[in-house]
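Scroll down for the structure; my scribbles are underneath it.
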Amino acid sequence: MSHSKKIKRGNSLYINNWNSSAKRFINTCAVCGAQGYSPTIDEDGFIYDPSMKVINFEHRAIRMELQSVLKPLALDELGRCNTCAKVMDKQ
């Protein structure tokens, strides 16, 4: 049985079983429950540390896996996505 038949869409075998610490980079909207990865992993300092001049290979693997499974999701200070924040602020 192939890997794709065992894992539902939006889930990753790497994140769920091999590196569960990558879950800390997954954002979930407090209102609608939408999930996406934190936009901080797209910044340059996430993979490459210029002060030590080294590449963090674990962060590189986390970034590649999250980008292949999820879309970026920015949250405000209340834990809401942009869509929910716009709807709630209209009222």
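Chain identifiers are assigned as A, B, and so on, following the order in which chains appear in the structure tokens; residues are numbered from 1 within each chain, and ligands are numbered from 1 in order of appearance.
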Got a sec: who's within 12 Å of stretch 74-84 of chain A, counting only C-alpha atoms, leaving out chain neighbours fewer than 5 positions off, as a PDB file with N, CA and C atoms, in the first residue's frame?
```pdb
ATOM      1  N   PHE A  25       5.000  24.826  14.464  1.00  0.00           N
ATOM      2  CA  PHE A  25       4.985  25.798  13.380  1.00  0.00           C
ATOM      3  C   PHE A  25       3.664  25.791  12.613  1.00  0.00           C
ATOM      4  N   ILE A  26       2.693  24.998  13.067  1.00  0.00           N
ATOM      5  CA  ILE A  26       1.382  24.952  12.433  1.00  0.00           C
ATOM      6  C   ILE A  26       0.445  25.878  13.195  1.00  0.00           C
ATOM      7  N   ASN A  27      -0.150  26.830  12.486  1.00  0.00           N
ATOM      8  CA  ASN A  27      -1.105  27.768  13.074  1.00  0.00           C
ATOM      9  C   ASN A  27      -2.520  27.261  12.835  1.00  0.00           C
ATOM     10  N   THR A  28      -3.378  27.441  13.839  1.00  0.00           N
ATOM     11  CA  THR A  28      -4.786  27.089  13.724  1.00  0.00           C
ATOM     12  C   THR A  28      -5.615  28.290  14.146  1.00  0.00           C
ATOM     13  N   CYS A  29      -6.548  28.689  13.313  1.00  0.00           N
ATOM     14  CA  CYS A  29      -7.415  29.826  13.622  1.00  0.00           C
ATOM     15  C   CYS A  29      -8.339  29.448  14.773  1.00  0.00           C
ATOM     16  N   ALA A  30      -8.465  30.331  15.747  1.00  0.00           N
ATOM     17  CA  ALA A  30      -9.286  30.069  16.919  1.00  0.00           C
ATOM     18  C   ALA A  30     -10.773  30.121  16.598  1.00  0.00           C
ATOM     19  N   VAL A  31     -11.157  30.759  15.508  1.00  0.00           N
ATOM     20  CA  VAL A  31     -12.572  30.924  15.175  1.00  0.00           C
ATOM     21  C   VAL A  31     -13.046  29.833  14.218  1.00  0.00           C
ATOM     22  N   CYS A  32     -12.402  29.733  13.066  1.00  0.00           N
ATOM     23  CA  CYS A  32     -12.882  28.802  12.036  1.00  0.00           C
ATOM     24  C   CYS A  32     -12.137  27.469  12.010  1.00  0.00           C
ATOM     25  N   GLY A  33     -10.985  27.390  12.651  1.00  0.00           N
ATOM     26  CA  GLY A  33     -10.227  26.144  12.700  1.00  0.00           C
ATOM     27  C   GLY A  33      -9.352  25.890  11.489  1.00  0.00           C
ATOM     28  N   ALA A  34      -9.202  26.874  10.629  1.00  0.00           N
ATOM     29  CA  ALA A  34      -8.336  26.716   9.455  1.00  0.00           C
ATOM     30  C   ALA A  34      -6.893  26.501   9.905  1.00  0.00           C
ATOM     31  N   GLN A  35      -6.175  25.651   9.188  1.00  0.00           N
ATOM     32  CA  GLN A  35      -4.787  25.374   9.529  1.00  0.00           C
ATOM     33  C   GLN A  35      -3.860  25.776   8.399  1.00  0.00           C
ATOM     34  N   GLY A  36      -2.681  26.210   8.779  1.00  0.00           N
ATOM     35  CA  GLY A  36      -1.644  26.582   7.834  1.00  0.00           C
ATOM     36  C   GLY A  36      -0.338  26.708   8.593  1.00  0.00           C
ATOM     37  N   TYR A  37       0.748  26.878   7.861  1.00  0.00           N
ATOM     38  CA  TYR A  37       2.029  27.002   8.554  1.00  0.00           C
ATOM     39  C   TYR A  37       2.317  28.454   8.897  1.00  0.00           C
ATOM     40  N   SER A  38       3.132  28.643   9.901  1.00  0.00           N
ATOM     41  CA  SER A  38       3.500  29.976  10.358  1.00  0.00           C
ATOM     42  C   SER A  38       4.378  30.658   9.312  1.00  0.00           C
ATOM     43  N   PRO A  39       4.083  31.900   8.958  1.00  0.00           N
ATOM     44  CA  PRO A  39       4.897  32.605   7.961  1.00  0.00           C
ATOM     45  C   PRO A  39       6.343  32.843   8.406  1.00  0.00           C
ATOM     46  N   THR A  40       6.655  32.617   9.665  1.00  0.00           N
ATOM     47  CA  THR A  40       8.029  32.807  10.134  1.00  0.00           C
ATOM     48  C   THR A  40       8.996  31.802   9.517  1.00  0.00           C
ATOM     49  N   ILE A  41       8.500  30.671   9.019  1.00  0.00           N
ATOM     50  CA  ILE A  41       9.418  29.701   8.426  1.00  0.00           C
ATOM     51  C   ILE A  41       9.884  30.137   7.043  1.00  0.00           C
ATOM     52  N   ASP A  42       9.230  31.144   6.450  1.00  0.00           N
ATOM     53  CA  ASP A  42       9.652  31.658   5.148  1.00  0.00           C
ATOM     54  C   ASP A  42      10.778  32.674   5.262  1.00  0.00           C
ATOM     55  N   ASP A  89     -14.477  42.198  12.693  1.00  0.00           N
ATOM     56  CA  ASP A  89     -14.253  43.627  12.898  1.00  0.00           C
ATOM     57  C   ASP A  89     -15.294  44.491  12.195  1.00  0.00           C
ATOM     58  N   LYS A  90     -16.033  43.923  11.227  1.00  0.00           N
ATOM     59  CA  LYS A  90     -17.089  44.667  10.540  1.00  0.00           C
ATOM     60  C   LYS A  90     -18.233  45.002  11.487  1.00  0.00           C
ATOM     61  N   GLN A  91     -18.525  44.102  12.391  1.00  0.00           N
ATOM     62  CA  GLN A  91     -19.695  44.242  13.261  1.00  0.00           C
ATOM     63  C   GLN A  91     -19.560  45.310  14.275  1.00  0.00           C
TER      64      GLN A  91
END
```
At a cut-off of 12 Å, using only C-alpha atoms, what residues contact A:Asn56? Leave out same-chain residues fewer than 5 positions from it and give the result as a tab-separated table (two decimals) with C-alpha atoms, in the first residue's frame.
```tsv
chain	number	residue	atom	x	y	z
A	44	ASP	CA	15.84	33.77	5.89
A	45	GLY	CA	16.91	33.24	9.50
A	46	PHE	CA	14.80	30.11	9.91
A	47	ILE	CA	17.16	27.83	7.99
A	48	TYR	CA	20.44	29.73	7.89
A	49	ASP	CA	21.95	31.28	11.02
A	50	PRO	CA	24.22	34.12	9.81
A	61	ALA	CA	13.22	19.54	6.31
A	62	ILE	CA	10.41	21.04	8.40
A	63	ARG	CA	10.07	23.95	5.98
```
